[in-house]
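Here's entry_1.cif, which has mmCIF, C-alpha atoms:
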data_coords
loop_
_atom_site.label_atom_id
_atom_site.label_comp_id
_atom_site.auth_asym_id
_atom_site.auth_seq_id
_atom_site.Cartn_x
_atom_site.Cartn_y
_atom_site.Cartn_z
CA MET A 1 0.00 0.00 0.00
CA ALA A 2 1.32 3.42 -0.91
CA ARG A 3 2.32 5.85 1.82
CA SER A 4 1.18 9.48 1.70
CA ASP A 5 3.35 12.56 2.07
CA ALA A 6 2.30 14.90 -0.72
CA ALA A 7 -0.76 13.69 -2.65
CA ALA A 8 -2.44 16.70 -4.31
CA MET A 9 -6.04 17.33 -3.22
CA LYS A 10 -8.54 20.13 -3.79
CA ARG A 11 -9.83 20.98 -0.34
CA SER A 12 -7.82 23.67 1.45
CA LYS A 13 -7.67 24.89 5.00
CA LEU A 14 -6.19 28.30 5.84
CA ARG A 15 -3.27 28.12 8.21
CA ARG A 16 -1.21 30.85 9.79
CA THR A 17 2.57 30.47 10.23
CA ALA A 18 4.75 32.01 12.88
CA GLY A 19 8.37 33.09 12.61
CA SER A 20 11.30 31.84 14.59
CA GLY A 21 10.92 34.55 17.23
CA LEU A 22 9.05 32.27 19.61
CA VAL A 23 11.78 29.64 19.46
CA LEU A 24 14.55 32.18 19.94
CA ALA A 25 12.70 33.78 22.84
CA ALA A 26 12.18 30.37 24.44
CA VAL A 27 15.84 29.41 24.13
CA GLY A 28 16.90 32.84 25.36
CA ALA A 29 14.74 32.47 28.45
CA LEU A 30 16.23 29.05 29.12
CA LEU A 31 19.79 30.26 28.71
CA ALA A 32 18.99 33.03 31.16
CA GLY A 33 17.71 30.47 33.63
CA GLY A 34 14.06 31.44 33.23
CA ALA A 35 11.12 29.07 33.26
CA ILE A 36 8.80 28.47 30.33
CA GLU A 37 5.20 27.57 30.99
CA ALA A 38 4.10 24.47 29.08
CA SER A 39 1.14 24.91 26.75
CA ALA A 40 -1.66 22.39 26.46
CA ALA A 41 -1.36 19.86 23.67
CA ALA A 42 -3.88 19.91 20.83
CA SER A 43 -5.80 17.08 19.22
CA GLY A 44 -6.15 16.37 15.50
CA THR A 45 -7.36 13.67 13.11
CA VAL A 46 -5.21 12.28 10.30
CA LYS A 47 -6.88 12.63 6.89
CA THR A 48 -5.47 10.91 3.79
CA ALA A 49 -6.98 9.30 0.69
CA GLY A 50 -6.95 6.07 2.70
CA ASP A 51 -3.27 5.24 2.75
CA PRO A 52 -1.16 5.42 5.94
CA LEU A 53 0.76 8.66 6.50
CA ASN A 54 4.51 8.73 7.03
CA VAL A 55 5.82 9.93 10.39
CA ARG A 56 9.19 11.63 9.84
CA ARG A 57 12.08 12.01 12.26
CA ALA A 58 12.39 15.66 11.22
CA PRO A 59 9.88 18.09 9.62
CA THR A 60 10.93 17.42 6.05
CA THR A 61 10.04 14.81 3.44
CA ALA A 62 13.77 14.01 3.13
CA ALA A 63 13.94 12.75 6.72
CA THR A 64 13.63 9.08 7.63
CA ALA A 65 10.09 7.72 8.03
CA VAL A 66 10.14 6.22 11.53
CA LYS A 67 6.66 4.68 11.22
CA THR A 68 3.23 5.33 9.71
CA VAL A 69 -0.10 6.43 11.16
CA ALA A 70 -3.46 5.29 9.83
CA ASN A 71 -6.03 7.44 8.08
CA GLY A 72 -8.61 8.53 10.65
CA ALA A 73 -6.29 8.17 13.64
CA THR A 74 -6.51 10.75 16.42
CA VAL A 75 -3.17 12.31 17.31
CA THR A 76 -2.00 14.61 20.11
CA ILE A 77 0.08 17.52 18.78
CA ASP A 78 2.76 18.73 21.16
CA CYS A 79 4.05 21.60 19.00
CA GLN A 80 4.25 22.85 15.42
CA VAL A 81 7.16 23.98 13.24
CA ASN A 82 7.81 25.11 9.67
CA GLY A 83 9.56 22.56 7.44
CA SER A 84 9.43 21.41 3.84
CA SER A 85 6.38 22.18 1.72
CA VAL A 86 3.77 19.42 1.37
CA THR A 87 0.44 19.23 -0.45
CA GLY A 88 -2.34 17.32 1.28
CA PRO A 89 -6.11 17.31 1.81
CA TYR A 90 -5.90 20.71 3.54
CA GLY A 91 -3.86 22.52 0.92
CA THR A 92 -0.17 23.19 0.44
CA GLY A 93 1.86 24.34 3.44
CA THR A 94 5.11 24.12 5.39
CA LEU A 95 3.61 23.54 8.84
CA TRP A 96 4.45 20.22 10.55
CA ASP A 97 3.04 18.74 13.76
CA TYR A 98 5.25 17.01 16.34
CA VAL A 99 3.44 14.00 17.83
CA PRO A 100 5.45 12.53 20.74
CA ALA A 101 3.43 9.29 20.80
CA LEU A 102 4.53 8.62 17.22
CA GLY A 103 8.14 9.69 17.78
CA GLY A 104 8.22 12.25 14.99
CA TYR A 105 6.50 14.78 12.74
CA ILE A 106 3.57 14.67 10.31
CA SER A 107 2.60 17.32 7.77
CA ASP A 108 -0.19 19.53 9.08
CA THR A 109 -1.75 19.49 5.61
CA TYR A 110 -2.90 15.96 6.48
CA VAL A 111 -4.36 16.81 9.89
CA PHE A 112 -7.88 18.08 10.66
CA THR A 113 -8.27 20.28 13.73
CA ASN A 114 -11.10 22.48 14.95
CA SER A 115 -9.16 25.64 14.07
CA ASP A 116 -7.96 27.39 10.92
CA THR A 117 -4.91 28.72 12.78
CA ARG A 118 -2.01 27.10 14.61
CA VAL A 119 -3.22 24.91 17.46
CA ALA A 120 0.04 24.26 19.37
CA PRO A 121 3.12 26.26 20.41
CA ASP A 122 6.17 26.66 18.21
CA CYS A 123 8.50 23.67 18.36
CA GLY A 124 11.93 24.14 19.86
CA VAL A 125 10.89 23.25 23.40
CA GLY A 126 10.39 19.53 23.73
CA SER A 127 10.39 18.92 19.98
CA GLY A 128 12.47 15.81 20.41
CA SER A 129 14.31 15.15 17.13
CA GLY A 130 15.87 16.77 14.08
CA GLN A 131 17.86 16.45 10.88
CA CYS A 132 20.91 18.37 9.72
CA ALA A 133 20.33 20.98 7.04
CA ASP A 134 20.97 20.69 3.29
CA ALA A 135 19.60 17.12 3.03
CA CYS A 136 22.72 15.67 4.67
CA ALA A 137 22.84 12.31 6.41
CA GLY A 138 22.76 13.22 10.10
CA GLU A 139 19.61 12.71 12.17
CA ALA A 140 19.25 12.60 15.94
CA GLN A 141 16.75 12.22 18.75
CA TYR A 142 16.95 13.08 22.44
CA ARG A 143 15.17 10.43 24.52
CA SER A 144 14.01 12.33 27.57
CA SER A 145 12.87 9.26 29.53
CA ASP A 146 16.46 8.17 30.26
CA SER A 147 18.49 11.11 28.85
CA HIS A 148 20.02 9.38 25.83
CA PHE A 149 20.99 10.79 22.45
CA LEU A 150 20.31 8.55 19.45
CA VAL A 151 22.41 9.70 16.49
CA TYR A 152 21.75 8.25 13.03
CA ASP A 153 23.83 8.22 9.84
CA THR A 154 21.35 7.65 7.01
CA ASN A 155 23.59 7.94 3.91
CA SER A 156 27.20 7.71 2.82
CA ASP A 157 28.34 11.35 2.50
CA GLY A 158 31.91 11.21 3.78
CA TYR A 159 31.06 12.78 7.15
CA SER A 160 30.15 11.54 10.61
CA ALA A 161 26.81 12.53 12.12
CA VAL A 162 27.25 14.56 15.30
CA VAL A 163 25.11 16.25 17.93
CA ALA A 164 26.47 19.40 19.56
CA TYR A 165 24.67 20.14 22.84
CA TRP A 166 24.64 22.65 25.69
CA LEU A 167 23.29 22.42 29.23
CA LYS A 168 21.66 24.87 31.62
CA GLY A 169 23.96 27.78 32.38
CA GLY A 170 25.51 27.56 28.91
CA ALA A 171 27.92 24.66 29.62
CA GLY A 172 29.12 23.16 26.35
CA PRO A 173 29.27 22.45 23.58
CA PHE A 174 29.56 18.72 24.18
CA TYR A 175 29.42 16.21 21.34
CA VAL A 176 27.81 12.86 20.59
CA TRP A 177 29.26 11.20 17.47
CA ASN A 178 28.14 8.51 15.11
CA SER A 179 31.18 7.53 13.08
CA GLY A 180 29.91 4.05 12.28
CA GLY A 181 28.92 4.80 8.70
CA GLU A 182 25.80 4.58 6.61
CA GLY A 183 22.72 3.03 8.21
CA THR A 184 24.09 2.95 11.75
CA LYS A 185 22.84 4.36 15.04
CA ALA A 186 24.83 5.55 18.07
CA ASP A 187 23.13 5.47 21.48
CA LYS A 188 24.79 7.45 24.26
CA ALA A 189 23.65 8.41 27.74
CA VAL A 190 24.26 12.05 28.68
CA THR A 191 24.04 13.62 32.12
CA VAL A 192 21.11 16.00 32.37
CA ALA A 193 19.54 16.68 35.77
CA HIS A 194 15.95 15.54 36.30
CA GLY A 195 13.73 18.26 34.85
CA GLY A 196 16.77 20.01 33.36
CA TRP A 197 17.04 21.07 29.76
CA VAL A 198 19.40 20.33 26.91
CA PHE A 199 19.80 22.52 23.80
CA TYR A 200 21.24 20.78 20.74
CA LYS A 201 21.91 20.90 17.01
CA VAL A 202 22.25 18.04 14.55
CA CYS A 203 25.27 18.42 12.23
CA VAL A 204 27.87 16.52 10.22
CA ALA A 205 31.65 16.77 10.56
CA ASN A 206 34.89 14.87 10.27
CA TYR A 207 35.45 13.03 13.54
CA THR A 208 37.99 14.65 15.86
CA THR A 209 38.79 14.77 19.56
CA ALA A 210 39.37 18.51 19.19
CA LYS A 211 36.71 21.11 18.44
CA PRO A 212 35.05 19.91 15.21
CA ASP A 213 34.30 21.96 12.12
CA LEU A 214 30.52 21.51 12.19
CA LYS A 215 28.68 21.60 8.86
CA SER A 216 25.02 21.80 7.80
CA CYS A 217 23.72 22.17 11.36
CA SER A 218 20.00 22.06 12.03
CA ASP A 219 18.19 24.79 13.88
CA GLY A 220 18.58 24.54 17.63
CA ILE A 221 16.26 22.15 19.50
CA THR A 222 15.51 22.33 23.21
CA ASP A 223 14.27 19.34 25.20
CA TYR A 224 13.95 18.24 28.83
CA ALA A 225 15.07 15.28 30.89
CA ALA A 226 12.01 13.57 32.34
#
Written as structure tokens, how would this file's structure read?
Amino acid sequence: MARSDAAAMKRSKLRRTAGSGLVLAAVGALLAGGAIEASAAASGTVKTAGDPLNVRRAPTTAATAVKTVANGATVTIDCQVNGSSVTGPYGTGTLWDYVPALGGYISDTYVFTNSDTRVAPDCGVGSGSGQCADACAGEAQYRSSDSHFLVYDTNSDGYSAVVAYWLKGGAGPFYVWNSGGEGTKADKAVTVAHGGWVFYKVCVANYTTAKPDLKSCSDGITDYAA
């Protein structure tokens, strides 16, 4: 059965996008030691032509599909972020929904909600996973339940996948490498205090024990240790 990411459909749903200011403000508040109040999650219903919808590790159709979700399934949206453009039942748009229960992102153009505007806060706080920029091979996920980084190398591009991360108070950067080559995953525990936050970027670089020359880094992602 085919999997849906960008099937063209006629029905459209107006959606409003937000800039990166919310993410930057959130990270700035965290770096300053401030607290951020969590917003309530939103509910939506997956709508496709009948096929299952891909759940991506990052908000782009180039990212690995970690699983699928069935047409008609109800999902809980933790946050929303702008990514690659997708055409679905509710028009063409760049908004993606992060669904923690699915471990990744789905295009908002395939999700029905009771609002024509954004229904969840901007991702960047608790968004959970990301992919390096420029369609490179590095992907990563922070597993908050036991404070582990999972770092994936999805293609052979001559570089190692690497996560650069910082802790509360600005300590860092620290690095988690995957130098195992194409199709491998590195799993490393990192020390983050219970309830503490970690700010990270997903990049590629040549492996080194010195400060690496990071390339194609993703936008910064902030998450919390459970």
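Between Gly130 of chain A and the candidates A:His194, A:Arg118, A:Lys188, A:Arg56, the tightest atom-to-atom separation, counting only C-alpha atoms, involves A:Arg56.
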Review point. Evaluating the PyMOL selection byres ((chain A and resi 159) around 9) on the displayed file yields which residues, as a VMD selection string?
Key: chain A and resid 137 to 138 153 156 to 158 160 to 161 179 181 204 to 207
**Study point:** Hits from the PyMOL selection byres ((chain A and resi 52) around 6), listed as a PyMOL selection string
**Key:** chain A and resi 3+51+53+68-71
Review point. Skipping near chain neighbours, those fewer than 2 positions away, what residues fall within 8 Å of Thr45 of chain A using all atoms listed in the file, listed as a list of chain:residue names?
Key: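 Counting only the stated atoms, we get A:Ser43, A:Lys47, A:Gly72, A:Ala73, A:Thr74, A:Val75, A:Val111, A:Phe112, A:Thr113.
Proximity of A:Ile221, A:Leu167, A:Ala63, A:Ala210 to Asn155 of chain A, computed with all atoms listed in the file, is greatest for A:Ala63.
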Review point. So which one's closest to Tyr200 of chain A, A:Gly169, A:Gly183, A:Ala164, A:Pro89? Using all atoms listed in the file, please.
Key: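 Ranking A:Gly169, A:Gly183, A:Ala164, A:Pro89 by distance to Tyr200 of chain A, first place goes to A:Ala164.
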Point to revise | Pick from A:Gly196, A:Pro121, A:Gly172, A:Gly44, whichever lies nearest to Ser107 of chain A using all atoms listed in the file | key: A:Gly44
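Minimum distance to Asp134 of chain A across A:Tyr98, A:Ser84, A:Phe199, A:Lys67 (counting only C-alpha atoms) occurs at A:Ser84.
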Practice item. With a distance cut-off of 9 Å and only C-alpha atoms, select the neighbouring residues of Val151 of chain A, excluding the residue or stretch itself and same-chain residues fewer than 6 positions from it, and output the selection as a VMD selection string. Key: chain A and resid 138 to 142 161 to 163 176 to 178 184 to 188 202
Those selected residues, please, written with C-alpha atoms and delivered as a PDB file, in the coordinates of the input.
ATOM      1  CA  GLY A 138      22.760  13.220  10.100  1.00  0.00           C
ATOM      2  CA  GLU A 139      19.610  12.710  12.170  1.00  0.00           C
ATOM      3  CA  ALA A 140      19.250  12.600  15.940  1.00  0.00           C
ATOM      4  CA  GLN A 141      16.750  12.220  18.750  1.00  0.00           C
ATOM      5  CA  TYR A 142      16.950  13.080  22.440  1.00  0.00           C
ATOM      6  CA  ALA A 161      26.810  12.530  12.120  1.00  0.00           C
ATOM      7  CA  VAL A 162      27.250  14.560  15.300  1.00  0.00           C
ATOM      8  CA  VAL A 163      25.110  16.250  17.930  1.00  0.00           C
ATOM      9  CA  VAL A 176      27.810  12.860  20.590  1.00  0.00           C
ATOM     10  CA  TRP A 177      29.260  11.200  17.470  1.00  0.00           C
ATOM     11  CA  ASN A 178      28.140   8.510  15.110  1.00  0.00           C
ATOM     12  CA  THR A 184      24.090   2.950  11.750  1.00  0.00           C
ATOM     13  CA  LYS A 185      22.840   4.360  15.040  1.00  0.00           C
ATOM     14  CA  ALA A 186      24.830   5.550  18.070  1.00  0.00           C
ATOM     15  CA  ASP A 187      23.130   5.470  21.480  1.00  0.00           C
ATOM     16  CA  LYS A 188      24.790   7.450  24.260  1.00  0.00           C
ATOM     17  CA  VAL A 202      22.250  18.040  14.550  1.00  0.00           C
TER      18      VAL A 202
END
Review point. Rounded to one decimal in Å, what is the spacing between atom CA of Ala62 of chain A and atom CA of Gly91 of chain A?
Key: 19.7 Å
Study note, to complete from the structure: Nearest to Ser144 of chain A, restricted to all atoms listed in the file and choosing among A:Ser85, A:Thr48, A:Asn114, A:Thr222, comes out as A:Thr222
Exercise for review: Find the residues near Thr64 of chain A: any atom within 10 Å, counting all atoms listed in the file, skip ones fewer than 2 places away on the same chain, and give them as a VMD selection string.
Suggested key: chain A and resid 54 to 62 66 to 67 104 131 137 139 152 154
Would you mind completing segment 56-77 of chain A to N, CA, C and O atoms and writing the output as a CSV table (one decimal), keeping the file's coordinate frame?
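Result written to result.csv:
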chain,number,residue,atom,x,y,z
A,56,ARG,N,7.8,11.3,10.1
A,56,ARG,CA,9.2,11.6,9.8
A,56,ARG,C,10.0,12.0,11.1
A,56,ARG,O,9.4,12.6,12.0
A,57,ARG,N,11.2,11.7,11.1
A,57,ARG,CA,12.1,12.0,12.3
A,57,ARG,C,12.3,13.5,12.4
A,57,ARG,O,12.5,14.0,13.4
A,58,ALA,N,12.2,14.2,11.3
A,58,ALA,CA,12.4,15.7,11.2
A,58,ALA,C,11.3,16.2,10.3
A,58,ALA,O,10.7,15.5,9.5
A,59,PRO,N,11.0,17.5,10.4
A,59,PRO,CA,9.9,18.1,9.6
A,59,PRO,C,10.2,18.4,8.2
A,59,PRO,O,10.2,19.5,7.7
A,60,THR,N,10.6,17.3,7.5
A,60,THR,CA,10.9,17.4,6.0
A,60,THR,C,10.7,16.1,5.4
A,60,THR,O,10.9,15.0,6.0
A,61,THR,N,10.3,16.1,4.1
A,61,THR,CA,10.0,14.8,3.4
A,61,THR,C,11.3,14.0,3.2
A,61,THR,O,11.3,12.9,2.8
A,62,ALA,N,12.5,14.7,3.3
A,62,ALA,CA,13.8,14.0,3.1
A,62,ALA,C,14.2,13.2,4.3
A,62,ALA,O,15.1,12.4,4.2
A,63,ALA,N,13.6,13.4,5.5
A,63,ALA,CA,13.9,12.8,6.7
A,63,ALA,C,13.4,11.3,6.7
A,63,ALA,O,12.4,11.0,6.0
A,64,THR,N,14.0,10.5,7.5
A,64,THR,CA,13.6,9.1,7.6
A,64,THR,C,12.2,8.9,8.1
A,64,THR,O,11.8,9.6,9.1
A,65,ALA,N,11.4,8.0,7.5
A,65,ALA,CA,10.1,7.7,8.0
A,65,ALA,C,10.3,6.7,9.2
A,65,ALA,O,10.7,5.6,8.9
A,66,VAL,N,9.9,7.1,10.4
A,66,VAL,CA,10.1,6.2,11.5
A,66,VAL,C,9.0,5.2,11.7
A,66,VAL,O,9.2,4.2,12.3
A,67,LYS,N,7.8,5.6,11.2
A,67,LYS,CA,6.7,4.7,11.2
A,67,LYS,C,5.6,5.3,10.4
A,67,LYS,O,5.8,6.4,9.7
A,68,THR,N,4.4,4.7,10.4
A,68,THR,CA,3.2,5.3,9.7
A,68,THR,C,2.1,5.4,10.7
A,68,THR,O,2.1,4.8,11.7
A,69,VAL,N,1.1,6.3,10.4
A,69,VAL,CA,-0.1,6.4,11.2
A,69,VAL,C,-1.3,6.3,10.2
A,69,VAL,O,-1.3,6.8,9.1
A,70,ALA,N,-2.3,5.6,10.7
A,70,ALA,CA,-3.5,5.3,9.8
A,70,ALA,C,-4.4,6.5,9.6
A,70,ALA,O,-4.5,7.4,10.4
A,71,ASN,N,-5.0,6.5,8.4
A,71,ASN,CA,-6.0,7.4,8.1
A,71,ASN,C,-7.1,7.3,9.1
A,71,ASN,O,-7.6,6.3,9.5
A,72,GLY,N,-7.6,8.5,9.6
A,72,GLY,CA,-8.6,8.5,10.6
A,72,GLY,C,-8.1,8.5,12.1
A,72,GLY,O,-8.9,8.6,13.0
A,73,ALA,N,-6.8,8.3,12.3
A,73,ALA,CA,-6.3,8.2,13.6
A,73,ALA,C,-6.3,9.5,14.3
A,73,ALA,O,-6.1,10.6,13.7
A,74,THR,N,-6.6,9.5,15.6
A,74,THR,CA,-6.5,10.8,16.4
A,74,THR,C,-5.1,10.9,17.0
A,74,THR,O,-4.5,9.9,17.5
A,75,VAL,N,-4.5,12.1,16.8
A,75,VAL,CA,-3.2,12.3,17.3
A,75,VAL,C,-3.1,13.5,18.3
A,75,VAL,O,-4.0,14.4,18.2
A,76,THR,N,-2.2,13.5,19.2
A,76,THR,CA,-2.0,14.6,20.1
A,76,THR,C,-0.8,15.4,19.7
A,76,THR,O,0.3,14.9,19.6
A,77,ILE,N,-1.0,16.7,19.3
A,77,ILE,CA,0.1,17.5,18.8
A,77,ILE,C,0.7,18.3,19.9
A,77,ILE,O,0.1,19.1,20.6
